[in-house]
$ cat entry_5.cif   # mmCIF, N, CA and C atoms
data_my_file
loop_
_atom_site.group_PDB
_atom_site.id
_atom_site.type_symbol
_atom_site.label_atom_id
_atom_site.label_comp_id
_atom_site.auth_asym_id
_atom_site.auth_seq_id
_atom_site.Cartn_x
_atom_site.Cartn_y
_atom_site.Cartn_z
ATOM 1 N N MET A 1 76.283 92.698 105.947
ATOM 2 C CA MET A 1 77.325 91.929 105.317
ATOM 3 C C MET A 1 78.287 91.438 106.404
ATOM 4 N N ASN A 2 78.124 90.207 106.811
ATOM 5 C CA ASN A 2 78.977 89.650 107.863
ATOM 6 C C ASN A 2 80.007 88.659 107.344
ATOM 7 N N THR A 3 79.818 88.175 106.117
ATOM 8 C CA THR A 3 80.767 87.210 105.564
ATOM 9 C C THR A 3 81.301 87.736 104.231
ATOM 10 N N PHE A 4 82.452 87.212 103.838
ATOM 11 C CA PHE A 4 83.037 87.640 102.565
ATOM 12 C C PHE A 4 82.187 87.194 101.384
ATOM 13 N N LYS A 5 81.449 86.099 101.525
ATOM 14 C CA LYS A 5 80.573 85.649 100.434
ATOM 15 C C LYS A 5 79.523 86.701 100.090
ATOM 16 N N GLU A 6 79.138 87.493 101.068
ATOM 17 C CA GLU A 6 78.106 88.514 100.875
ATOM 18 C C GLU A 6 78.628 89.801 100.239
ATOM 19 N N THR A 7 79.924 89.906 100.031
ATOM 20 C CA THR A 7 80.516 91.157 99.550
ATOM 21 C C THR A 7 80.328 91.394 98.059
ATOM 22 N N GLY A 8 80.126 90.341 97.292
ATOM 23 C CA GLY A 8 80.036 90.484 95.844
ATOM 24 C C GLY A 8 81.391 90.505 95.166
ATOM 25 N N LEU A 9 82.445 90.161 95.906
ATOM 26 C CA LEU A 9 83.788 90.125 95.317
ATOM 27 C C LEU A 9 83.915 88.991 94.314
ATOM 28 N N ASP A 10 84.804 89.171 93.355
ATOM 29 C CA ASP A 10 85.119 88.167 92.345
ATOM 30 C C ASP A 10 85.424 86.821 93.004
ATOM 31 N N LYS A 11 84.971 85.735 92.399
ATOM 32 C CA LYS A 11 85.165 84.396 92.946
ATOM 33 C C LYS A 11 86.640 84.074 93.167
ATOM 34 N N ASN A 12 87.502 84.507 92.259
ATOM 35 C CA ASN A 12 88.931 84.239 92.413
ATOM 36 C C ASN A 12 89.519 84.944 93.633
ATOM 37 N N ILE A 13 89.040 86.140 93.909
ATOM 38 C CA ILE A 13 89.482 86.853 95.104
ATOM 39 C C ILE A 13 88.961 86.144 96.348
ATOM 40 N N LEU A 14 87.696 85.745 96.310
ATOM 41 C CA LEU A 14 87.124 85.025 97.456
ATOM 42 C C LEU A 14 87.874 83.729 97.729
ATOM 43 N N ASP A 15 88.246 83.002 96.688
ATOM 44 C CA ASP A 15 89.005 81.766 96.877
ATOM 45 C C ASP A 15 90.316 82.038 97.607
ATOM 46 N N ALA A 16 91.002 83.112 97.233
ATOM 47 C CA ALA A 16 92.260 83.469 97.892
ATOM 48 C C ALA A 16 92.020 83.870 99.339
ATOM 49 N N VAL A 17 90.949 84.624 99.582
ATOM 50 C CA VAL A 17 90.605 85.046 100.943
ATOM 51 C C VAL A 17 90.306 83.826 101.812
ATOM 52 N N PHE A 18 89.550 82.883 101.267
ATOM 53 C CA PHE A 18 89.222 81.670 102.027
ATOM 54 C C PHE A 18 90.467 80.833 102.284
ATOM 55 N N ASP A 19 91.394 80.795 101.320
ATOM 56 C CA ASP A 19 92.667 80.093 101.519
ATOM 57 C C ASP A 19 93.432 80.658 102.715
ATOM 58 N N LEU A 20 93.289 81.954 102.938
ATOM 59 C CA LEU A 20 93.962 82.611 104.053
ATOM 60 C C LEU A 20 93.234 82.393 105.377
ATOM 61 N N GLY A 21 92.077 81.739 105.315
ATOM 62 C CA GLY A 21 91.327 81.430 106.529
ATOM 63 C C GLY A 21 90.322 82.487 106.939
ATOM 64 N N PHE A 22 90.096 83.487 106.094
ATOM 65 C CA PHE A 22 89.129 84.534 106.417
ATOM 66 C C PHE A 22 87.726 84.068 106.056
ATOM 67 N N LYS A 23 86.799 84.219 106.963
ATOM 68 C CA LYS A 23 85.402 83.861 106.705
ATOM 69 C C LYS A 23 84.484 85.070 106.932
ATOM 70 N N LYS A 24 84.639 85.695 108.092
ATOM 71 C CA LYS A 24 83.772 86.820 108.458
ATOM 72 C C LYS A 24 84.503 88.145 108.268
ATOM 73 N N THR A 25 83.753 89.143 107.856
ATOM 74 C CA THR A 25 84.305 90.476 107.688
ATOM 75 C C THR A 25 84.414 91.176 109.039
ATOM 76 N N THR A 26 85.369 92.082 109.139
ATOM 77 C CA THR A 26 85.534 92.887 110.349
ATOM 78 C C THR A 26 84.702 94.161 110.203
ATOM 79 N N PRO A 27 84.503 94.905 111.284
ATOM 80 C CA PRO A 27 83.721 96.148 111.174
ATOM 81 C C PRO A 27 84.248 97.129 110.127
ATOM 82 N N ILE A 28 85.562 97.308 110.018
ATOM 83 C CA ILE A 28 86.094 98.237 109.012
ATOM 84 C C ILE A 28 85.788 97.729 107.604
ATOM 85 N N GLN A 29 85.829 96.420 107.403
ATOM 86 C CA GLN A 29 85.512 95.838 106.096
ATOM 87 C C GLN A 29 84.026 95.969 105.798
ATOM 88 N N GLN A 30 83.194 95.793 106.799
ATOM 89 C CA GLN A 30 81.750 95.943 106.612
ATOM 90 C C GLN A 30 81.385 97.371 106.235
ATOM 91 N N SER A 31 82.151 98.329 106.758
ATOM 92 C CA SER A 31 81.879 99.744 106.479
ATOM 93 C C SER A 31 82.397 100.194 105.122
ATOM 94 N N THR A 32 83.530 99.655 104.691
ATOM 95 C CA THR A 32 84.175 100.184 103.491
ATOM 96 C C THR A 32 83.901 99.408 102.207
ATOM 97 N N ILE A 33 83.879 98.088 102.280
ATOM 98 C CA ILE A 33 83.761 97.294 101.048
ATOM 99 C C ILE A 33 82.505 97.642 100.242
ATOM 100 N N PRO A 34 81.318 97.728 100.852
ATOM 101 C CA PRO A 34 80.138 98.063 100.033
ATOM 102 C C PRO A 34 80.237 99.430 99.360
ATOM 103 N N ILE A 35 80.802 100.400 100.049
ATOM 104 C CA ILE A 35 80.936 101.741 99.471
ATOM 105 C C ILE A 35 81.924 101.716 98.306
ATOM 106 N N LEU A 36 83.075 101.097 98.517
ATOM 107 C CA LEU A 36 84.094 101.061 97.474
ATOM 108 C C LEU A 36 83.658 100.245 96.262
ATOM 109 N N MET A 37 82.873 99.213 96.484
ATOM 110 C CA MET A 37 82.408 98.370 95.379
ATOM 111 C C MET A 37 81.379 99.089 94.506
ATOM 112 N N ASN A 38 80.736 100.115 95.063
ATOM 113 C CA ASN A 38 79.646 100.771 94.349
ATOM 114 C C ASN A 38 79.882 102.255 94.115
ATOM 115 N N SER A 39 81.132 102.682 94.148
ATOM 116 C CA SER A 39 81.433 104.100 93.989
ATOM 117 C C SER A 39 82.788 104.268 93.316
ATOM 118 N N ASP A 40 82.978 105.410 92.708
ATOM 119 C CA ASP A 40 84.295 105.716 92.156
ATOM 120 C C ASP A 40 84.975 106.806 92.979
ATOM 121 N N LYS A 41 84.519 106.995 94.189
ATOM 122 C CA LYS A 41 85.063 108.023 95.072
ATOM 123 C C LYS A 41 86.294 107.518 95.811
ATOM 124 N N ASP A 42 87.150 108.439 96.209
ATOM 125 C CA ASP A 42 88.268 108.121 97.089
ATOM 126 C C ASP A 42 87.725 107.944 98.502
ATOM 127 N N MET A 43 88.489 107.228 99.327
ATOM 128 C CA MET A 43 88.035 107.005 100.701
ATOM 129 C C MET A 43 89.218 107.049 101.644
ATOM 130 N N ILE A 44 88.993 107.643 102.795
ATOM 131 C CA ILE A 44 89.934 107.579 103.903
ATOM 132 C C ILE A 44 89.189 106.911 105.044
ATOM 133 N N ALA A 45 89.766 105.844 105.578
ATOM 134 C CA ALA A 45 89.143 105.130 106.691
ATOM 135 C C ALA A 45 90.216 104.801 107.715
ATOM 136 N N THR A 46 89.895 104.925 108.975
ATOM 137 C CA THR A 46 90.862 104.640 110.030
ATOM 138 C C THR A 46 90.317 103.562 110.956
ATOM 139 N N ALA A 47 91.234 102.763 111.471
ATOM 140 C CA ALA A 47 90.888 101.728 112.442
ATOM 141 C C ALA A 47 92.183 101.269 113.111
ATOM 142 N N GLN A 48 92.048 100.580 114.214
ATOM 143 C CA GLN A 48 93.193 100.076 114.958
ATOM 144 C C GLN A 48 94.019 99.119 114.095
ATOM 145 N N THR A 49 95.275 98.941 114.471
ATOM 146 C CA THR A 49 96.146 97.956 113.845
ATOM 147 C C THR A 49 95.552 96.561 114.026
ATOM 148 N N GLY A 50 95.600 95.756 112.955
ATOM 149 C CA GLY A 50 95.128 94.380 113.034
ATOM 150 C C GLY A 50 93.642 94.182 112.821
ATOM 151 N N THR A 51 92.958 95.212 112.325
ATOM 152 C CA THR A 51 91.508 95.115 112.142
ATOM 153 C C THR A 51 91.094 94.765 110.721
ATOM 154 N N GLY A 52 92.065 94.632 109.805
ATOM 155 C CA GLY A 52 91.735 94.235 108.448
ATOM 156 C C GLY A 52 91.617 95.377 107.457
ATOM 157 N N LYS A 53 92.315 96.474 107.721
ATOM 158 C CA LYS A 53 92.240 97.621 106.806
ATOM 159 C C LYS A 53 92.772 97.297 105.415
ATOM 160 N N THR A 54 93.843 96.514 105.328
ATOM 161 C CA THR A 54 94.392 96.207 104.009
ATOM 162 C C THR A 54 93.356 95.488 103.156
ATOM 163 N N ALA A 55 92.658 94.520 103.718
ATOM 164 C CA ALA A 55 91.599 93.837 102.975
ATOM 165 C C ALA A 55 90.414 94.771 102.725
ATOM 166 N N ALA A 56 90.149 95.675 103.649
ATOM 167 C CA ALA A 56 89.009 96.587 103.521
ATOM 168 C C ALA A 56 89.114 97.438 102.262
ATOM 169 N N PHE A 57 90.322 97.901 101.942
ATOM 170 C CA PHE A 57 90.464 98.690 100.717
ATOM 171 C C PHE A 57 91.077 97.868 99.585
ATOM 172 N N GLY A 58 91.916 96.890 99.916
ATOM 173 C CA GLY A 58 92.622 96.124 98.898
ATOM 174 C C GLY A 58 91.739 95.189 98.098
ATOM 175 N N LEU A 59 90.785 94.553 98.758
ATOM 176 C CA LEU A 59 89.906 93.620 98.036
ATOM 177 C C LEU A 59 89.058 94.339 96.984
ATOM 178 N N PRO A 60 88.419 95.468 97.324
ATOM 179 C CA PRO A 60 87.695 96.196 96.271
ATOM 180 C C PRO A 60 88.610 96.728 95.164
ATOM 181 N N ILE A 61 89.832 97.150 95.528
ATOM 182 C CA ILE A 61 90.771 97.605 94.496
ATOM 183 C C ILE A 61 91.027 96.482 93.498
ATOM 184 N N LEU A 62 91.291 95.298 93.997
ATOM 185 C CA LEU A 62 91.545 94.158 93.106
ATOM 186 C C LEU A 62 90.310 93.816 92.280
ATOM 187 N N HIS A 63 89.154 93.814 92.924
ATOM 188 C CA HIS A 63 87.905 93.470 92.235
ATOM 189 C C HIS A 63 87.621 94.447 91.088
ATOM 190 N N LEU A 64 87.866 95.721 91.325
ATOM 191 C CA LEU A 64 87.517 96.746 90.344
ATOM 192 C C LEU A 64 88.605 97.001 89.316
ATOM 193 N N SER A 65 89.795 96.470 89.525
ATOM 194 C CA SER A 65 90.882 96.679 88.564
ATOM 195 C C SER A 65 90.650 95.858 87.309
ATOM 196 N N ASP A 66 90.954 96.453 86.174
ATOM 197 C CA ASP A 66 90.869 95.760 84.894
ATOM 198 C C ASP A 66 92.232 95.131 84.619
ATOM 199 N N VAL A 67 92.331 93.813 84.769
ATOM 200 C CA VAL A 67 93.616 93.125 84.632
ATOM 201 C C VAL A 67 94.169 93.180 83.211
ATOM 202 N N ASP A 68 93.354 93.560 82.259
ATOM 203 C CA ASP A 68 93.811 93.655 80.873
ATOM 204 C C ASP A 68 94.381 95.037 80.535
ATOM 205 N N VAL A 69 94.301 95.964 81.469
ATOM 206 C CA VAL A 69 94.827 97.310 81.268
ATOM 207 C C VAL A 69 96.116 97.438 82.064
ATOM 208 N N ASN A 70 97.211 97.705 81.358
ATOM 209 C CA ASN A 70 98.525 97.745 81.995
ATOM 210 C C ASN A 70 98.937 99.180 82.320
ATOM 211 N N THR A 71 98.086 99.878 83.088
ATOM 212 C CA THR A 71 98.396 101.217 83.567
ATOM 213 C C THR A 71 97.999 101.297 85.037
ATOM 214 N N THR A 72 98.467 102.329 85.699
ATOM 215 C CA THR A 72 98.122 102.525 87.106
ATOM 216 C C THR A 72 96.628 102.781 87.221
ATOM 217 N N GLN A 73 95.979 102.000 88.074
ATOM 218 C CA GLN A 73 94.543 102.155 88.294
ATOM 219 C C GLN A 73 94.218 102.544 89.727
ATOM 220 N N SER A 74 95.146 102.291 90.648
ATOM 221 C CA SER A 74 94.952 102.620 92.055
ATOM 222 C C SER A 74 96.290 103.023 92.656
ATOM 223 N N LEU A 75 96.217 103.800 93.710
ATOM 224 C CA LEU A 75 97.415 104.230 94.414
ATOM 225 C C LEU A 75 97.177 104.057 95.903
ATOM 226 N N VAL A 76 98.092 103.371 96.565
ATOM 227 C CA VAL A 76 98.030 103.181 98.009
ATOM 228 C C VAL A 76 99.215 103.908 98.613
ATOM 229 N N LEU A 77 98.937 104.848 99.503
ATOM 230 C CA LEU A 77 99.999 105.603 100.169
ATOM 231 C C LEU A 77 100.284 104.977 101.524
ATOM 232 N N CYS A 78 101.551 104.771 101.811
ATOM 233 C CA CYS A 78 101.967 104.146 103.070
ATOM 234 C C CYS A 78 102.972 105.046 103.767
ATOM 235 N N PRO A 79 102.910 105.129 105.095
ATOM 236 C CA PRO A 79 103.841 106.010 105.813
ATOM 237 C C PRO A 79 105.252 105.439 105.969
ATOM 238 N N THR A 80 105.423 104.129 105.790
ATOM 239 C CA THR A 80 106.757 103.540 105.944
ATOM 240 C C THR A 80 107.002 102.504 104.852
ATOM 241 N N ARG A 81 108.261 102.268 104.598
ATOM 242 C CA ARG A 81 108.659 101.250 103.610
ATOM 243 C C ARG A 81 108.188 99.863 104.053
ATOM 244 N N GLU A 82 108.327 99.582 105.335
ATOM 245 C CA GLU A 82 107.939 98.265 105.856
ATOM 246 C C GLU A 82 106.446 98.014 105.668
ATOM 247 N N LEU A 83 105.634 99.018 105.945
ATOM 248 C CA LEU A 83 104.184 98.861 105.753
ATOM 249 C C LEU A 83 103.854 98.697 104.278
ATOM 250 N N CYS A 84 104.555 99.402 103.428
ATOM 251 C CA CYS A 84 104.355 99.271 101.980
ATOM 252 C C CYS A 84 104.632 97.838 101.533
ATOM 253 N N ILE A 85 105.714 97.271 102.003
ATOM 254 C CA ILE A 85 106.050 95.887 101.658
ATOM 255 C C ILE A 85 104.974 94.934 102.167
ATOM 256 N N GLN A 86 104.529 95.129 103.405
ATOM 257 C CA GLN A 86 103.497 94.267 103.993
ATOM 258 C C GLN A 86 102.199 94.335 103.191
ATOM 259 N N ILE A 87 101.779 95.530 102.827
ATOM 260 C CA ILE A 87 100.550 95.693 102.055
ATOM 261 C C ILE A 87 100.699 95.055 100.679
ATOM 262 N N GLY A 88 101.854 95.241 100.046
ATOM 263 C CA GLY A 88 102.095 94.617 98.745
ATOM 264 C C GLY A 88 102.014 93.103 98.807
ATOM 265 N N LEU A 89 102.592 92.519 99.841
ATOM 266 C CA LEU A 89 102.523 91.060 100.010
ATOM 267 C C LEU A 89 101.089 90.603 100.233
ATOM 268 N N ASP A 90 100.341 91.356 101.046
ATOM 269 C CA ASP A 90 98.936 91.002 101.280
ATOM 270 C C ASP A 90 98.131 91.073 99.986
ATOM 271 N N LEU A 91 98.322 92.134 99.212
ATOM 272 C CA LEU A 91 97.577 92.263 97.958
ATOM 273 C C LEU A 91 97.926 91.143 96.990
ATOM 274 N N ASN A 92 99.201 90.762 96.950
ATOM 275 C CA ASN A 92 99.585 89.619 96.113
ATOM 276 C C ASN A 92 98.885 88.349 96.570
ATOM 277 N N SER A 93 98.756 88.160 97.870
ATOM 278 C CA SER A 93 98.053 86.978 98.392
ATOM 279 C C SER A 93 96.581 86.988 97.993
ATOM 280 N N TYR A 94 95.954 88.153 98.076
ATOM 281 C CA TYR A 94 94.537 88.252 97.712
ATOM 282 C C TYR A 94 94.327 88.046 96.214
ATOM 283 N N ALA A 95 95.343 88.357 95.415
ATOM 284 C CA ALA A 95 95.217 88.314 93.953
ATOM 285 C C ALA A 95 95.777 87.037 93.348
ATOM 286 N N LYS A 96 96.141 86.067 94.156
ATOM 287 C CA LYS A 96 96.880 84.909 93.623
ATOM 288 C C LYS A 96 96.124 84.113 92.566
ATOM 289 N N TYR A 97 94.803 84.173 92.534
ATOM 290 C CA TYR A 97 94.045 83.454 91.525
ATOM 291 C C TYR A 97 93.573 84.334 90.371
ATOM 292 N N LEU A 98 93.933 85.616 90.387
ATOM 293 C CA LEU A 98 93.564 86.503 89.291
ATOM 294 C C LEU A 98 94.586 86.375 88.168
ATOM 295 N N LYS A 99 94.112 86.441 86.929
ATOM 296 C CA LYS A 99 95.060 86.381 85.808
ATOM 297 C C LYS A 99 95.795 87.709 85.700
ATOM 298 N N ASN A 100 96.982 87.683 85.112
ATOM 299 C CA ASN A 100 97.822 88.866 84.915
ATOM 300 C C ASN A 100 98.178 89.547 86.219
#

$ encode --input "entry_5.cif" --output "structure tokens"
Amino acid sequence: MNTFKETGLDKNILDAVFDLGFKKTTPIQQSTIPILMNSDKDMIATAQTGTGKTAAFGLPILHLSDVDVNTTQSLVLCPTRELCIQIGLDLNSYAKYLKN
């Protein structure tokens, strides 16, 4: 899986990803997205800053979330307030074409 088209992500998520200029997946995304898309297990993955970790876990979270259910479906833990804000903004960008 070298491109986002190969991930099996929802078309609306892919449209948002392409709007951001992303075409090819990074190694952390190649390692995590297939597992998260096909499992209900928790995952801990580490990689250097700037390698695409937010998309690596955030895109499958968005894909697997039921937008018609208004309850907590995922939890992202962040070590700082600033990182939490950054991740929230990124997830909003990835979800811009999803309803609700």

$ resolve_selection --input "entry_5.cif" --expression "the PyMOL selection byres (((chain A and resi 26-43 and name CA) around 9) and name CA)" --output "JSON, numbers by chain"
{"A": [1, 2, 3, 7, 8, 9, 24, 25, 44, 45, 46, 47, 51, 52, 53, 55, 56, 57, 59, 60, 61, 63, 64]}

$ atom_distance --input "entry_5.cif" --atom1 "atom C of A:Ala95" --atom2 "atom N of A:Leu83"
20.0 Å

$ closest_residue --input "entry_5.cif" --among "A:Glu6, A:Asp19, A:Asp68, A:Glu82" --to "A:Tyr94" --atoms "only C-alpha atoms"
A:Asp19

$ atom_distance --input "entry_5.cif" --atom1 "atom CA of A:Pro79" --atom2 "atom CA of A:Asn92"
19.5 Å

$ select_by_dssp --input "entry_5.cif" --residues "chain A" --states "alpha helix (DSSP H)" --output "number ranges by chain"
A: 11-19, 27-37, 53-64, 81-94

$ atom_distance --input "entry_5.cif" --atom1 "atom C of A:Cys78" --atom2 "atom CA of A:Leu20"
24.2 Å

$ axis_aligned_box --input "entry_5.cif" --around "stretch 51-66 of chain A" --padding-each-side "3 Å" --output "JSON"
{"center_x": 91.0, "center_y": 96.1, "center_z": 98.5, "size_x": 12.9, "size_y": 11.2, "size_z": 33.7}

$ closest_residue --input "entry_5.cif" --among "A:Gln73, A:Val17, A:Gly58, A:Asp66" --to "A:Gly88" --atoms "only C-alpha atoms"
A:Gly58

$ closest_residue --input "entry_5.cif" --among "A:Gly21, A:Phe4, A:Thr54, A:Leu14" --to "A:Ile87" --atoms "all atoms listed in the file"
A:Thr54

$ residues_near_point --input "entry_5.cif" --point "(94.7, 91.0, 81.0)" --cutoff "10 Å" --atoms "only C-alpha atoms" --output "ChimeraX atom specification"
/A:66-70,98-100

$ decode --input "entry_5.cif" --residues "stretch 34-45 of chain A" --atoms "all heavy atoms" --output "PDB file, in the first residue's frame"
ATOM      1  N   PRO A  34      -3.644  -0.476   7.484  1.00  0.00           N
ATOM      2  CA  PRO A  34      -4.288  -1.773   7.206  1.00  0.00           C
ATOM      3  C   PRO A  34      -4.707  -2.523   8.469  1.00  0.00           C
ATOM      4  O   PRO A  34      -5.773  -3.139   8.505  1.00  0.00           O
ATOM      5  CB  PRO A  34      -3.214  -2.558   6.449  1.00  0.00           C
ATOM      6  CG  PRO A  34      -2.260  -1.548   5.939  1.00  0.00           C
ATOM      7  CD  PRO A  34      -2.302  -0.405   6.904  1.00  0.00           C
ATOM      8  N   ILE A  35      -3.901  -2.447   9.508  1.00  0.00           N
ATOM      9  CA  ILE A  35      -4.233  -3.139  10.757  1.00  0.00           C
ATOM     10  C   ILE A  35      -5.460  -2.498  11.403  1.00  0.00           C
ATOM     11  O   ILE A  35      -6.397  -3.189  11.808  1.00  0.00           O
ATOM     12  CB  ILE A  35      -3.032  -3.122  11.726  1.00  0.00           C
ATOM     13  CG1 ILE A  35      -1.882  -3.956  11.144  1.00  0.00           C
ATOM     14  CG2 ILE A  35      -3.435  -3.624  13.107  1.00  0.00           C
ATOM     15  CD1 ILE A  35      -0.572  -3.803  11.873  1.00  0.00           C
ATOM     16  N   LEU A  36      -5.461  -1.178  11.496  1.00  0.00           N
ATOM     17  CA  LEU A  36      -6.573  -0.484  12.137  1.00  0.00           C
ATOM     18  C   LEU A  36      -7.873  -0.622  11.353  1.00  0.00           C
ATOM     19  O   LEU A  36      -8.955  -0.659  11.944  1.00  0.00           O
ATOM     20  CB  LEU A  36      -6.223   0.989  12.350  1.00  0.00           C
ATOM     21  CG  LEU A  36      -5.099   1.248  13.349  1.00  0.00           C
ATOM     22  CD1 LEU A  36      -4.703   2.710  13.335  1.00  0.00           C
ATOM     23  CD2 LEU A  36      -5.493   0.799  14.739  1.00  0.00           C
ATOM     24  N   MET A  37      -7.780  -0.695  10.043  1.00  0.00           N
ATOM     25  CA  MET A  37      -8.978  -0.824   9.209  1.00  0.00           C
ATOM     26  C   MET A  37      -9.618  -2.206   9.338  1.00  0.00           C
ATOM     27  O   MET A  37     -10.797  -2.369   9.057  1.00  0.00           O
ATOM     28  CB  MET A  37      -8.634  -0.559   7.745  1.00  0.00           C
ATOM     29  CG  MET A  37      -8.198   0.856   7.452  1.00  0.00           C
ATOM     30  SD  MET A  37      -9.550   1.997   7.332  1.00  0.00           S
ATOM     31  CE  MET A  37     -10.234   1.500   5.771  1.00  0.00           C
ATOM     32  N   ASN A  38      -8.833  -3.189   9.778  1.00  0.00           N
ATOM     33  CA  ASN A  38      -9.323  -4.562   9.805  1.00  0.00           C
ATOM     34  C   ASN A  38      -9.301  -5.186  11.192  1.00  0.00           C
ATOM     35  O   ASN A  38      -9.281  -6.407  11.314  1.00  0.00           O
ATOM     36  CB  ASN A  38      -8.483  -5.415   8.846  1.00  0.00           C
ATOM     37  CG  ASN A  38      -8.642  -4.953   7.415  1.00  0.00           C
ATOM     38  OD1 ASN A  38      -9.739  -4.996   6.881  1.00  0.00           O
ATOM     39  ND2 ASN A  38      -7.571  -4.480   6.809  1.00  0.00           N
ATOM     40  N   SER A  39      -9.293  -4.364  12.226  1.00  0.00           N
ATOM     41  CA  SER A  39      -9.215  -4.887  13.585  1.00  0.00           C
ATOM     42  C   SER A  39      -9.955  -3.960  14.538  1.00  0.00           C
ATOM     43  O   SER A  39     -10.128  -2.782  14.256  1.00  0.00           O
ATOM     44  CB  SER A  39      -7.742  -4.990  13.997  1.00  0.00           C
ATOM     45  OG  SER A  39      -7.618  -5.308  15.353  1.00  0.00           O
ATOM     46  N   ASP A  40     -10.357  -4.504  15.656  1.00  0.00           N
ATOM     47  CA  ASP A  40     -10.950  -3.660  16.691  1.00  0.00           C
ATOM     48  C   ASP A  40     -10.001  -3.530  17.878  1.00  0.00           C
ATOM     49  O   ASP A  40     -10.403  -3.152  18.973  1.00  0.00           O
ATOM     50  CB  ASP A  40     -12.314  -4.202  17.130  1.00  0.00           C
ATOM     51  CG  ASP A  40     -12.226  -5.580  17.759  1.00  0.00           C
ATOM     52  OD1 ASP A  40     -11.130  -6.172  17.776  1.00  0.00           O
ATOM     53  OD2 ASP A  40     -13.250  -6.071  18.249  1.00  0.00           O
ATOM     54  N   LYS A  41      -8.743  -3.806  17.653  1.00  0.00           N
ATOM     55  CA  LYS A  41      -7.735  -3.746  18.708  1.00  0.00           C
ATOM     56  C   LYS A  41      -7.204  -2.330  18.881  1.00  0.00           C
ATOM     57  O   LYS A  41      -7.208  -1.528  17.952  1.00  0.00           O
ATOM     58  CB  LYS A  41      -6.556  -4.671  18.361  1.00  0.00           C
ATOM     59  CG  LYS A  41      -6.930  -6.101  18.135  1.00  0.00           C
ATOM     60  CD  LYS A  41      -7.206  -6.800  19.424  1.00  0.00           C
ATOM     61  CE  LYS A  41      -7.506  -8.272  19.158  1.00  0.00           C
ATOM     62  NZ  LYS A  41      -8.017  -8.944  20.286  1.00  0.00           N
ATOM     63  N   ASP A  42      -6.716  -2.035  20.071  1.00  0.00           N
ATOM     64  CA  ASP A  42      -6.004  -0.789  20.321  1.00  0.00           C
ATOM     65  C   ASP A  42      -4.607  -0.911  19.724  1.00  0.00           C
ATOM     66  O   ASP A  42      -4.096  -2.015  19.535  1.00  0.00           O
ATOM     67  CB  ASP A  42      -5.881  -0.532  21.819  1.00  0.00           C
ATOM     68  CG  ASP A  42      -7.224  -0.289  22.489  1.00  0.00           C
ATOM     69  OD1 ASP A  42      -8.175   0.097  21.775  1.00  0.00           O
ATOM     70  OD2 ASP A  42      -7.315  -0.491  23.704  1.00  0.00           O
ATOM     71  N   MET A  43      -3.992   0.242  19.457  1.00  0.00           N
ATOM     72  CA  MET A  43      -2.649   0.211  18.875  1.00  0.00           C
ATOM     73  C   MET A  43      -1.814   1.332  19.455  1.00  0.00           C
ATOM     74  O   MET A  43      -2.305   2.442  19.659  1.00  0.00           O
ATOM     75  CB  MET A  43      -2.714   0.358  17.357  1.00  0.00           C
ATOM     76  CG  MET A  43      -1.340   0.467  16.715  1.00  0.00           C
ATOM     77  SD  MET A  43      -1.399   0.613  14.932  1.00  0.00           S
ATOM     78  CE  MET A  43      -1.534  -1.098  14.517  1.00  0.00           C
ATOM     79  N   ILE A  44      -0.560   1.025  19.699  1.00  0.00           N
ATOM     80  CA  ILE A  44       0.437   2.029  20.040  1.00  0.00           C
ATOM     81  C   ILE A  44       1.494   1.951  18.954  1.00  0.00           C
ATOM     82  O   ILE A  44       2.032   0.876  18.674  1.00  0.00           O
ATOM     83  CB  ILE A  44       1.071   1.761  21.419  1.00  0.00           C
ATOM     84  CG1 ILE A  44       0.016   1.856  22.516  1.00  0.00           C
ATOM     85  CG2 ILE A  44       2.216   2.748  21.666  1.00  0.00           C
ATOM     86  CD1 ILE A  44       0.511   1.444  23.883  1.00  0.00           C
ATOM     87  N   ALA A  45       1.776   3.083  18.325  1.00  0.00           N
ATOM     88  CA  ALA A  45       2.787   3.127  17.270  1.00  0.00           C
ATOM     89  C   ALA A  45       3.642   4.366  17.473  1.00  0.00           C
ATOM     90  O   ALA A  45       3.128   5.429  17.814  1.00  0.00           O
ATOM     91  CB  ALA A  45       2.127   3.162  15.891  1.00  0.00           C
TER      92      ALA A  45
END
